[in-house]
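J.: Here it is, the structure in full.
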Amino acid sequence: MSLASVVIVGAGQAGFQVATSLRQAGYDGRISLIGDEPGLPYQRPPLSKAYLLGKIGATNLLFRPEKFYTEQRIELRHDRVTAIDRQNRRVLLEGGEALTYDHLVLATGAHNRPLPVPGAELDGVFGIKTMADADTLAPLAKQARNVVVIGAGFIGLEFAAVAASMGSSVHVLELGDRPMARAVSREMSELFSQAHRRWGVHLDFRQGLTRVIGDNGRVTGVETSDGRTLAADLVVFGIGVIPNVQLASEAGLDIANGIKVDANLLTSDLHISAIGDVACFPCLQNDEQPTRLESVQNAVDQGRTVAARLMGKPAPYSALPWFWTDQGDMKLQIAGLSSGYDSTVVVGSMGSAQVSVLCFRGDQLIAVESCNRPGDHMAARKILARPPQLSPTEAAATDFDLKAWEAANRD
Amino acid sequence: MPTLTLIEHNGTVHQVTGEIGQSVMQAAMFASVPGIQGDCGGACSCATCHAYVDDQWQVRMPEAESTEADMLEYAVGRRATSRLTCQLVMSEALDGLVLHLPESQY
């Protein structure tokens, strides 16, 4: 299969990676990378933490400087794709142009789930997704006295920690009964609850909001589900994302919680792949159930997998999922997927906040969550990537050491 | 502006100029030097921006903090001179630093 032209829709982490990996592998054809945000492709994780704190400047968010795209002959286009013409293998751009492709990669990402209450449109109510969002938010966060965060997921808690460190009074509303419930074990949730309380963050679980209150178009507070009014001059929400499937859906591709792809990350059209936050793939670490992961690792590894396939080295996507979040002085690194775990072994001491939680389903280790134990995280990635399996009984032994176990059971 | 020399596993030499305060990882990536992946973007979470400090420079390097040291234990092909370049900050003191890039990050 000779490919004269690869078109990539979406210039986020996944789209950027395909373009880069194709060139690294010696692809000589045309690469068009289409993004609808201004500027050069950039990394998003620091937006809710280091970038807001001013520890990282805008230049340092960029994946590469402008000259990289010229040198690598990656055509970066600031445009929006309005339709995919599968029959003629081309995409139509808002600017009126059409680009033909031999292969199309959809890396359209996701957008923030909007806050579904009256008042969400008031000034001072924010989701964080783009550099522009963070740029508008940063000066307000510095001045804010009362901050309300909606949603105790990664983004909400990262922002809560930032706001607390800037001296704001921070109140987090979460519908569930613990933080980061979708991603981590009860034990790790508890550790982070304690940490946030230590930083002065007020955590309010099983609590939603009924409306955002404002005056003259600006937020002044929120009304909670149980009828209280909380003062707020800044409201930040992080209540999940919705995959950007519209383009794929209108083109008739299979959609199921994202763009449906097979183990090779191909959509229902053999000339179109989908990767990153938007792709729903059969995940090896999730019993091959259709899974959509929102992470840098997933975007990068799926980008590499598709580039390798296009260069004649197809392989089913099998990379071990890993994630991280930095909140205050706590660095949480997660290897594997803990959903469906039924028992845990805690290594380290909760009091010192240097803890790894090993999550088991039956006898099988499925995930390891490490707080301020990066060595454990790296050992876990090795252990989870291949047999032999660590049993819960072994892990529960006194003075069990994950790194030592990994070293002793190495190939 | 401090200058770095990065030597690929195949002997290719790159001279890279970086800005003070920028990480060595980013200076290398901005100069399109192959062999530094930096998957996590510099959050010290992936150990794919691994490099070996040249013997001449080893004694002059600031010590690795505990997170970097821990992550390095699992870097592929780790040696005594291993560092994670996302944790090395460009400064006048590091002007002229020579680093060797491992084969594994290609």
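For the structure tokens, the naming scheme is as follows: chains receive sequential letters (A, B, ...) according to their order of presentation, residues are indexed from 1 within each chain, and ligands are indexed from 1 in presentation order.
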With a distance cut-off of 12 Å and only C-alpha atoms, select the neighbouring residues of A:Ile56, excluding the residue or stretch itself and same-chain residues fewer than 4 positions from it, and output the selection as a VMD selection string.

T.: (chain A and resid 43 to 52 60 to 62) or (chain B and resid 21 to 23 26 41 to 43)

J.: Would you mind listing, as a short mmCIF file (atom, residue, chain, number, x, y, z; two decimals) with N, CA and C atoms, in the first residue's frame, all residues of chain B that have at least one atom within 8 Å of chain A, where only C-alpha atoms are what counts?

T.:
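The file below, iface-v4.cif, is the result:
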data_model
loop_
_atom_site.label_atom_id
_atom_site.label_comp_id
_atom_site.auth_asym_id
_atom_site.auth_seq_id
_atom_site.Cartn_x
_atom_site.Cartn_y
_atom_site.Cartn_z
N GLN B 22 15.19 26.74 30.75
CA GLN B 22 14.55 25.69 29.96
C GLN B 22 15.16 24.34 30.37
N GLN B 26 13.72 19.84 26.79
CA GLN B 26 13.01 20.69 25.85
C GLN B 26 13.96 21.34 24.85
N MET B 29 14.53 18.72 22.31
CA MET B 29 13.37 18.47 21.46
C MET B 29 13.14 19.65 20.51
N PHE B 30 13.33 20.85 21.01
CA PHE B 30 13.14 22.03 20.16
C PHE B 30 14.16 22.06 19.03
N ALA B 31 15.32 21.44 19.26
CA ALA B 31 16.34 21.39 18.22
C ALA B 31 16.18 20.14 17.34
N SER B 32 15.06 19.42 17.54
CA SER B 32 14.76 18.22 16.75
C SER B 32 15.84 17.15 16.85
N ASP B 39 7.87 11.54 26.69
CA ASP B 39 6.44 11.26 26.53
C ASP B 39 5.55 12.07 27.46
N CYS B 40 5.97 12.28 28.70
CA CYS B 40 5.08 12.93 29.66
C CYS B 40 5.23 14.45 29.61
N GLY B 41 6.09 14.97 28.75
CA GLY B 41 6.20 16.40 28.56
C GLY B 41 7.03 17.09 29.63
N SER B 45 7.53 11.69 34.79
CA SER B 45 6.61 10.57 34.96
C SER B 45 6.85 9.40 34.02
N THR B 67 12.74 11.94 43.27
CA THR B 67 11.83 11.45 42.23
C THR B 67 12.60 11.02 40.99
N ASP B 70 14.56 7.82 41.69
CA ASP B 70 13.67 6.67 41.71
C ASP B 70 13.27 6.24 40.30
N MET B 71 12.90 7.23 39.49
CA MET B 71 12.47 6.92 38.12
C MET B 71 13.64 6.32 37.34
N GLU B 73 15.97 4.43 38.26
CA GLU B 73 16.25 3.02 38.53
C GLU B 73 15.64 2.14 37.45
N TYR B 74 14.60 2.66 36.79
CA TYR B 74 13.90 1.85 35.79
C TYR B 74 14.11 2.33 34.37
#

J.: Extract, using only C-alpha atoms, all DNA, RNA and protein residues at most 8 Å from A:Leu358, discarding same-chain residues fewer than 6 positions from it, and format them as a compact mmCIF listing (two decimals) with N, CA, C and O atoms, in the first residue's frame.

T.:
# COMPACT_ATOMS: atom_id res chain seq x y z
N THR A 344 -7.39 -4.96 47.73
CA THR A 344 -6.20 -4.12 47.61
C THR A 344 -5.17 -4.52 48.66
O THR A 344 -5.52 -5.10 49.69
N VAL A 345 -3.92 -4.24 48.36
CA VAL A 345 -2.87 -4.34 49.36
C VAL A 345 -2.17 -2.98 49.38
O VAL A 345 -1.81 -2.46 48.33
N VAL A 346 -2.04 -2.40 50.57
CA VAL A 346 -1.39 -1.10 50.68
C VAL A 346 0.07 -1.30 51.09
O VAL A 346 0.35 -1.99 52.06
N VAL A 347 0.99 -0.74 50.31
CA VAL A 347 2.41 -0.83 50.62
C VAL A 347 2.87 0.58 51.03
O VAL A 347 2.58 1.54 50.33
N LEU A 365 -3.25 -9.11 39.64
CA LEU A 365 -2.91 -7.70 39.84
C LEU A 365 -3.35 -6.92 38.60
O LEU A 365 -2.93 -7.24 37.48
N ILE A 366 -4.22 -5.91 38.77
CA ILE A 366 -4.69 -5.17 37.59
C ILE A 366 -4.20 -3.72 37.56
O ILE A 366 -4.16 -3.11 36.50
N ALA A 367 -3.86 -3.17 38.71
CA ALA A 367 -3.39 -1.79 38.71
C ALA A 367 -2.58 -1.50 39.96
O ALA A 367 -2.77 -2.15 41.00
N VAL A 368 -1.65 -0.56 39.85
CA VAL A 368 -0.88 -0.10 41.00
C VAL A 368 -0.92 1.44 41.00
O VAL A 368 -0.59 2.06 40.00
N GLU A 369 -1.37 1.99 42.12
CA GLU A 369 -1.45 3.45 42.26
C GLU A 369 -0.36 3.87 43.24
O GLU A 369 -0.35 3.41 44.38

J.: Taking 2 positions as the minimum chain separation for residues in the same chain, which residues sit within 6 Å of A:Ile150 when counting only C-alpha atoms? Answer as a list in words.

T.: Val172, Leu173 and Phe237 of chain A

J.: Could you check how far atom CA of B:Arg79 sits from atom CA of B:His50, in Å to one decimal?

T.: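 Going from atom CA of B:Arg79 over to atom CA of B:His50, I get 10.4 Å.
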
J.: Pick out each residue of chain B that DSSP on the backbone tags as alpha helix (DSSP H); I need them as a PyMOL selection string.

T.: chain B and resi 24-30+55-58+66-72

J.: Using only C-alpha atoms, find the one residue out of B:Ile7, B:Cys46, B:Leu88, B:Leu99 that sits nearest to B:Val76.

T.: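 Looking only at the distances to B:Val76, the closest residue turns out to be B:Cys46.
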